[in-house]
file my_file.cif (mmCIF, C-alpha atoms)
data_final
loop_
_atom_site.group_PDB
_atom_site.id
_atom_site.type_symbol
_atom_site.label_atom_id
_atom_site.label_comp_id
_atom_site.auth_asym_id
_atom_site.auth_seq_id
_atom_site.Cartn_x
_atom_site.Cartn_y
_atom_site.Cartn_z
ATOM 1 C CA MET A 1197 3.419 -24.062 0.573
ATOM 2 C CA GLN A 1198 1.762 -21.244 -1.345
ATOM 3 C CA THR A 1199 3.223 -17.750 -1.436
ATOM 4 C CA VAL A 1200 1.214 -14.649 -2.231
ATOM 5 C CA LYS A 1201 2.975 -11.507 -3.414
ATOM 6 C CA MET A 1202 1.240 -8.298 -2.379
ATOM 7 C CA VAL A 1203 2.396 -4.801 -3.218
ATOM 8 C CA VAL A 1204 1.841 -1.839 -0.900
ATOM 9 C CA THR A 1205 1.878 1.398 -2.857
ATOM 10 C CA GLY A 1206 0.796 5.013 -2.530
ATOM 11 C CA PRO A 1207 2.122 8.571 -2.465
ATOM 12 C CA PHE A 1208 5.097 9.834 -0.497
ATOM 13 C CA ASN A 1209 4.525 9.687 3.277
ATOM 14 C CA ALA A 1210 1.268 7.710 3.004
ATOM 15 C CA GLY A 1211 2.559 5.116 5.501
ATOM 16 C CA LYS A 1212 3.713 2.224 3.300
ATOM 17 C CA THR A 1213 6.922 1.400 5.183
ATOM 18 C CA GLU A 1214 5.224 1.686 8.572
ATOM 19 C CA PHE A 1215 2.362 -0.521 7.340
ATOM 20 C CA ILE A 1216 4.807 -3.309 6.463
ATOM 21 C CA ARG A 1217 6.872 -2.808 9.642
ATOM 22 C CA SER A 1218 3.758 -3.136 11.805
ATOM 23 C CA ILE A 1219 2.996 -6.666 10.673
ATOM 24 C CA SER A 1220 6.114 -8.290 9.230
ATOM 25 C CA GLU A 1221 7.464 -11.279 11.150
ATOM 26 C CA ILE A 1222 10.971 -10.528 9.893
ATOM 27 C CA ASP A 1223 13.021 -7.372 10.132
ATOM 28 C CA VAL A 1224 11.810 -5.353 7.166
ATOM 29 C CA VAL A 1225 14.313 -4.982 4.367
ATOM 30 C CA THR A 1226 14.287 -1.289 3.526
ATOM 31 C CA THR A 1227 16.084 0.947 1.081
ATOM 32 C CA ASP A 1228 15.521 4.188 2.955
ATOM 33 C CA GLU A 1229 17.810 7.095 2.236
ATOM 34 C CA GLY A 1230 17.995 10.574 3.679
ATOM 35 C CA ILE A 1231 15.894 13.228 1.992
ATOM 36 C CA SER A 1232 17.954 15.822 0.184
ATOM 37 C CA PRO A 1233 17.692 19.393 1.525
ATOM 38 C CA THR A 1234 16.886 20.493 -2.044
ATOM 39 C CA SER A 1235 13.948 18.083 -2.318
ATOM 40 C CA ALA A 1236 10.369 19.361 -2.081
ATOM 41 C CA GLU A 1237 9.756 16.661 0.560
ATOM 42 C CA PHE A 1238 12.571 17.897 2.834
ATOM 43 C CA GLY A 1239 11.336 18.517 6.367
ATOM 44 C CA THR A 1240 8.326 16.201 6.053
ATOM 45 C CA LYS A 1241 10.296 13.234 7.364
ATOM 46 C CA GLU A 1242 13.947 12.221 7.523
ATOM 47 C CA THR A 1243 14.104 9.308 5.052
ATOM 48 C CA THR A 1244 12.331 8.004 1.981
ATOM 49 C CA THR A 1245 12.152 4.629 0.250
ATOM 50 C CA VAL A 1246 14.221 4.673 -2.933
ATOM 51 C CA ALA A 1247 13.763 1.098 -4.219
ATOM 52 C CA MET A 1248 11.492 -1.051 -2.039
ATOM 53 C CA ASP A 1249 10.557 -2.405 1.359
ATOM 54 C CA PHE A 1250 10.125 -6.136 1.937
ATOM 55 C CA GLY A 1251 8.352 -7.998 4.725
ATOM 56 C CA ARG A 1252 6.903 -11.454 5.249
ATOM 57 C CA ILE A 1253 3.949 -12.937 7.130
ATOM 58 C CA THR A 1254 3.352 -16.643 7.663
ATOM 59 C CA VAL A 1255 -0.414 -17.087 7.776
ATOM 60 C CA ASP A 1256 -0.267 -20.848 8.418
ATOM 61 C CA ASP A 1257 1.703 -23.930 7.364
ATOM 62 C CA ASP A 1258 0.385 -23.580 3.818
ATOM 63 C CA LEU A 1259 0.398 -19.832 3.181
ATOM 64 C CA VAL A 1260 3.027 -17.068 3.310
ATOM 65 C CA LEU A 1261 2.473 -13.454 2.297
ATOM 66 C CA TYR A 1262 5.328 -11.458 0.794
ATOM 67 C CA LEU A 1263 4.842 -7.708 1.138
ATOM 68 C CA PHE A 1264 6.662 -5.365 -1.229
ATOM 69 C CA GLY A 1265 6.449 -1.629 -0.545
ATOM 70 C CA THR A 1266 7.030 0.812 -3.372
ATOM 71 C CA PRO A 1267 8.753 4.184 -3.314
ATOM 72 C CA GLY A 1268 6.218 7.005 -3.159
ATOM 73 C CA GLN A 1269 8.148 9.679 -5.006
ATOM 74 C CA ARG A 1270 7.641 9.902 -8.779
ATOM 75 C CA ARG A 1271 11.388 10.089 -9.404
ATOM 76 C CA PHE A 1272 11.598 6.451 -8.233
ATOM 77 C CA ASP A 1273 8.526 5.253 -10.138
ATOM 78 C CA PHE A 1274 10.687 3.132 -12.433
ATOM 79 C CA MET A 1275 10.606 0.597 -9.570
ATOM 80 C CA TRP A 1276 6.810 0.306 -9.619
ATOM 81 C CA GLU A 1277 6.519 -1.937 -12.661
ATOM 82 C CA ILE A 1278 9.403 -4.113 -11.465
ATOM 83 C CA LEU A 1279 7.744 -4.585 -8.052
ATOM 84 C CA ALA A 1280 4.333 -5.194 -9.650
ATOM 85 C CA GLU A 1281 5.686 -8.181 -11.589
ATOM 86 C CA GLY A 1282 3.985 -11.325 -10.273
ATOM 87 C CA MET A 1283 1.813 -9.567 -7.705
ATOM 88 C CA LEU A 1284 -1.492 -11.229 -6.881
ATOM 89 C CA GLY A 1285 -2.947 -8.063 -5.355
ATOM 90 C CA PHE A 1286 -2.082 -4.619 -4.080
ATOM 91 C CA VAL A 1287 -2.912 -2.093 -1.376
ATOM 92 C CA VAL A 1288 -3.086 1.604 -2.196
ATOM 93 C CA MET A 1289 -2.228 3.616 0.902
ATOM 94 C CA VAL A 1290 -3.799 7.064 1.122
ATOM 95 C CA ASP A 1291 -2.859 9.630 3.749
ATOM 96 C CA SER A 1292 -6.432 10.521 4.655
ATOM 97 C CA SER A 1293 -5.258 13.628 6.531
ATOM 98 C CA LYS A 1294 -3.667 15.219 3.430
ATOM 99 C CA PRO A 1295 -6.207 15.968 0.679
ATOM 100 C CA GLU A 1296 -3.421 17.441 -1.461
ATOM 101 C CA THR A 1297 -2.150 13.852 -1.968
ATOM 102 C CA PHE A 1298 -5.474 12.358 -3.103
ATOM 103 C CA ARG A 1299 -4.923 13.074 -6.805
ATOM 104 C CA GLU A 1300 -1.505 11.377 -6.674
ATOM 105 C CA ALA A 1301 -3.036 8.362 -4.879
ATOM 106 C CA LYS A 1302 -5.689 8.027 -7.598
ATOM 107 C CA SER A 1303 -3.009 8.245 -10.295
ATOM 108 C CA ILE A 1304 -0.932 5.523 -8.592
ATOM 109 C CA LEU A 1305 -4.029 3.333 -8.253
ATOM 110 C CA GLU A 1306 -4.714 3.649 -11.995
ATOM 111 C CA THR A 1307 -1.056 2.927 -12.812
ATOM 112 C CA PHE A 1308 -1.068 -0.309 -10.808
ATOM 113 C CA ARG A 1309 -4.408 -1.366 -12.284
ATOM 114 C CA ALA A 1310 -2.771 -0.992 -15.717
ATOM 115 C CA TYR A 1311 0.170 -3.202 -14.679
ATOM 116 C CA ALA A 1312 -2.026 -6.171 -13.796
ATOM 117 C CA PRO A 1313 -5.777 -6.802 -13.433
ATOM 118 C CA THR A 1314 -5.404 -8.084 -9.877
ATOM 119 C CA PRO A 1315 -7.569 -7.465 -6.820
ATOM 120 C CA TYR A 1316 -6.769 -4.405 -4.755
ATOM 121 C CA VAL A 1317 -7.961 -2.522 -1.705
ATOM 122 C CA VAL A 1318 -7.562 1.102 -0.695
ATOM 123 C CA ALA A 1319 -6.362 1.824 2.843
ATOM 124 C CA ALA A 1320 -7.460 5.186 4.247
ATOM 125 C CA ASN A 1321 -4.423 5.577 6.497
ATOM 126 C CA LYS A 1322 -3.859 7.928 9.429
ATOM 127 C CA GLN A 1323 -7.428 7.579 10.671
ATOM 128 C CA ASP A 1324 -6.067 8.403 14.128
ATOM 129 C CA HIS A 1325 -5.314 11.987 13.023
ATOM 130 C CA PRO A 1326 -7.980 14.558 13.911
ATOM 131 C CA GLU A 1327 -7.977 16.022 10.376
ATOM 132 C CA ALA A 1328 -8.367 12.621 8.651
ATOM 133 C CA TRP A 1329 -11.157 12.266 6.131
ATOM 134 C CA ALA A 1330 -13.634 9.459 6.771
ATOM 135 C CA ALA A 1331 -13.224 6.453 4.481
ATOM 136 C CA GLU A 1332 -16.545 7.048 2.737
ATOM 137 C CA ASP A 1333 -15.648 10.693 2.066
ATOM 138 C CA LEU A 1334 -12.390 9.469 0.536
ATOM 139 C CA ARG A 1335 -14.376 7.101 -1.682
ATOM 140 C CA ILE A 1336 -16.198 10.108 -3.128
ATOM 141 C CA ALA A 1337 -13.061 12.265 -3.437
ATOM 142 C CA LEU A 1338 -11.095 9.483 -5.177
ATOM 143 C CA ARG A 1339 -14.106 8.353 -7.262
ATOM 144 C CA ILE A 1340 -13.739 4.749 -6.160
ATOM 145 C CA ASP A 1341 -16.551 2.372 -7.077
ATOM 146 C CA ASP A 1342 -18.683 0.938 -4.278
ATOM 147 C CA ASP A 1343 -17.522 -2.617 -5.066
ATOM 148 C CA ILE A 1344 -13.882 -1.727 -4.207
ATOM 149 C CA LYS A 1345 -12.920 -2.218 -0.574
ATOM 150 C CA LEU A 1346 -11.886 1.095 0.983
ATOM 151 C CA LEU A 1347 -10.837 0.461 4.564
ATOM 152 C CA PRO A 1348 -9.973 2.751 7.480
ATOM 153 C CA CYS A 1349 -6.406 2.123 8.612
ATOM 154 C CA VAL A 1350 -3.744 3.156 11.099
ATOM 155 C CA ALA A 1351 -0.437 1.826 9.740
ATOM 156 C CA THR A 1352 1.172 1.720 13.202
ATOM 157 C CA ASP A 1353 -1.590 -0.560 14.542
ATOM 158 C CA LYS A 1354 -0.968 -4.237 13.768
ATOM 159 C CA GLU A 1355 -4.676 -5.180 13.979
ATOM 160 C CA SER A 1356 -5.615 -2.408 11.555
ATOM 161 C CA VAL A 1357 -2.941 -3.547 9.087
ATOM 162 C CA LYS A 1358 -4.024 -7.168 9.532
ATOM 163 C CA ASN A 1359 -7.611 -6.233 8.664
ATOM 164 C CA VAL A 1360 -6.527 -4.521 5.433
ATOM 165 C CA LEU A 1361 -4.345 -7.460 4.391
ATOM 166 C CA LEU A 1362 -7.047 -10.009 5.207
ATOM 167 C CA GLU A 1363 -9.551 -8.145 3.053
ATOM 168 C CA LEU A 1364 -7.071 -8.155 0.176
ATOM 169 C CA LEU A 1365 -6.288 -11.835 0.745
ATOM 170 C CA TYR A 1366 -10.012 -12.707 0.701
ATOM 171 C CA SER A 1367 -10.344 -10.870 -2.614
ATOM 172 C CA ILE A 1368 -7.342 -12.709 -4.064
ATOM 173 C CA LEU A 1369 -8.607 -16.112 -2.923
ATOM 174 C CA GLU A 1370 -12.082 -15.352 -4.250
ATOM 175 C CA GLU A 1371 -10.619 -14.488 -7.644
ATOM 176 C CA MET A 1372 -8.472 -17.655 -7.634
ATOM 177 C CA GLU A 1373 -11.575 -19.780 -7.006
ATOM 178 C CA GLU A 1374 -13.329 -18.160 -9.965
ATOM 179 C CA THR A 1375 -10.560 -19.065 -12.406
#

call {"tool": "encode", "arguments": {"input": "my_file.cif", "output": "structure tokens"}}
result
Amino acid sequence: MQTVKMVVTGPFNAGKTEFIRSISEIDVVTTDEGISPTSAEFGTKETTTVAMDFGRITVDDDLVLYLFGTPGQRRFDFMWEILAEGMLGFVVMVDSSKPETFREAKSILETFRAYAPTPYVVAANKQDHPEAWAAEDLRIALRIDDDIKLLPCVATDKESVKNVLLELLYSILEEMEET
């Protein structure tokens, strides 16, 4: 049996934990903690990932995907390199309804590209929100090359998450065939 490690990363509140929860066949292992009242993120949501999330998907008898979600806050970025170890690909989640997070998403994308030259896709999450930017507008805003897959996504929708992961898996398998 082959296992494929994928990392799901992105800024705070981009939808990483929900993305993994939507598709994992096991109860997601989370390290969520309450957000401190003194934190800048207080009031946005009740908890935040402080170490990682972990989920698993059995594709078939020969293939299992391990999904590792990173913390989104910079104060926990020491976990990023640890989680990136051994990854075969990664997903960068972008909250497409919050342009103020785009710069952070681009920075995280560049950081993970520096960790390992693996395939990646960008998920334009929260496409169900009325103020969400279209995926192609995000491509321009984030300055993402046309050959990189930038996919519309709704992290709470299993089919949407499945589409993003399949596109990443196809990219990983394509790269494996080339080597």

call {"tool": "closest_residue", "arguments": {"input": "my_file.cif", "among": "A:Ala1210, A:Glu1242, A:Gly1230, A:Lys1302", "to": "Ile1336 of chain A", "atoms": "all atoms listed in the file"}}
result
A:Lys1302

call {"tool": "resolve_selection", "arguments": {"input": "my_file.cif", "expression": "the PyMOL selection byres ((chain A and resi 1227-1229) around 8)", "output": "list of chain:residue names"}}
result
A:Val1225, A:Thr1226, A:Gly1230, A:Ile1231, A:Thr1243, A:Thr1244, A:Thr1245, A:Val1246, A:Ala1247, A:Met1248, A:Asp1249

call {"tool": "residues_around", "arguments": {"input": "my_file.cif", "residues": "Tyr1366 of chain A", "least_positions_apart": "6", "cutoff": "12 Å", "atoms": "all atoms listed in the file", "output": "ChimeraX atom specification"}}
result
/A:1200,1284-1285,1315-1317,1345,1359-1360,1372-1373

call {"tool": "resolve_selection", "arguments": {"input": "my_file.cif", "expression": "the PyMOL selection byres ((chain A and resi 1358) around 12)", "output": "NGL selection string"}}
result
:A and (1215-1220 or 1253 or 1255 or 1261 or 1319 or 1347-1357 or 1359-1365)

call {"tool": "residues_around", "arguments": {"input": "my_file.cif", "residues": "Tyr1262 of chain A", "least_positions_apart": "3", "cutoff": "9 Å", "atoms": "only C-alpha atoms", "output": "list of chain:residue names"}}
result
A:Thr1199, A:Val1200, A:Lys1201, A:Met1202, A:Val1203, A:Phe1250, A:Gly1251, A:Arg1252, A:Ile1253, A:Thr1254

call {"tool": "atom_distance", "arguments": {"input": "my_file.cif", "atom1": "atom CA of Asp1341 of chain A", "atom2": "atom CA of Glu1306 of chain A"}}
result
12.9 Å

call {"tool": "residues_around", "arguments": {"input": "my_file.cif", "residues": "Gln1198 of chain A", "least_positions_apart": "6", "cutoff": "7 Å", "atoms": "all atoms listed in the file", "output": "list of chain:residue names"}}
result
A:Asp1258, A:Leu1259, A:Val1260

call {"tool": "closest_residue", "arguments": {"input": "my_file.cif", "among": "A:Met1289, A:Ser1367, A:Ala1312, A:Glu1296", "to": "Ala1331 of chain A", "atoms": "all atoms listed in the file"}}
result
A:Met1289

call {"tool": "closest_residue", "arguments": {"input": "my_file.cif", "among": "A:Ile1368, A:Leu1346, A:Leu1334, A:Val1204", "to": "Leu1263 of chain A", "atoms": "only C-alpha atoms"}}
result
A:Val1204

call {"tool": "residues_near_point", "arguments": {"input": "my_file.cif", "point": "(-8.4, 8.6, 11.8)", "cutoff": "10 Å", "atoms": "all atoms listed in the file", "output": "PyMOL selection string"}}
result
chain A and resi 1291-1293+1320-1331+1348-1350

call {"tool": "atom_distance", "arguments": {"input": "my_file.cif", "atom1": "atom CA of Asn1209 of chain A", "atom2": "atom CA of Gly1265 of chain A"}}
result
12.1 Å

call {"tool": "atom_distance", "arguments": {"input": "my_file.cif", "atom1": "atom CA of Arg1271 of chain A", "atom2": "atom CA of Asp1333 of chain A"}}
result
29.4 Å

call {"tool": "closest_residue", "arguments": {"input": "my_file.cif", "among": "A:Arg1299, A:Phe1208, A:Arg1339, A:Phe1286", "to": "Phe1264 of chain A", "atoms": "all atoms listed in the file"}}
result
A:Phe1286

call {"tool": "resolve_selection", "arguments": {"input": "my_file.cif", "expression": "the PyMOL selection byres ((chain A and resi 1304) around 10)", "output": "list in words"}}
result
Thr1205, Gly1206, Pro1207, Gly1268, Arg1270, Asp1273, Trp1276, Val1288, Met1289, Phe1298, Arg1299, Glu1300, Ala1301, Lys1302, Ser1303, Leu1305, Glu1306, Thr1307, Phe1308, Arg1309 and Ala1310 of chain A

call {"tool": "axis_aligned_box", "arguments": {"input": "my_file.cif", "around": "segment 1302-1310 of chain A", "padding_each_side": "5 Å", "output": "lines of an AutoDock Vina configuration file"}}
result
center_x = -3.3
center_y = 3.4
center_z = -11.7
size_x = 14.8
size_y = 19.6
size_z = 18.1
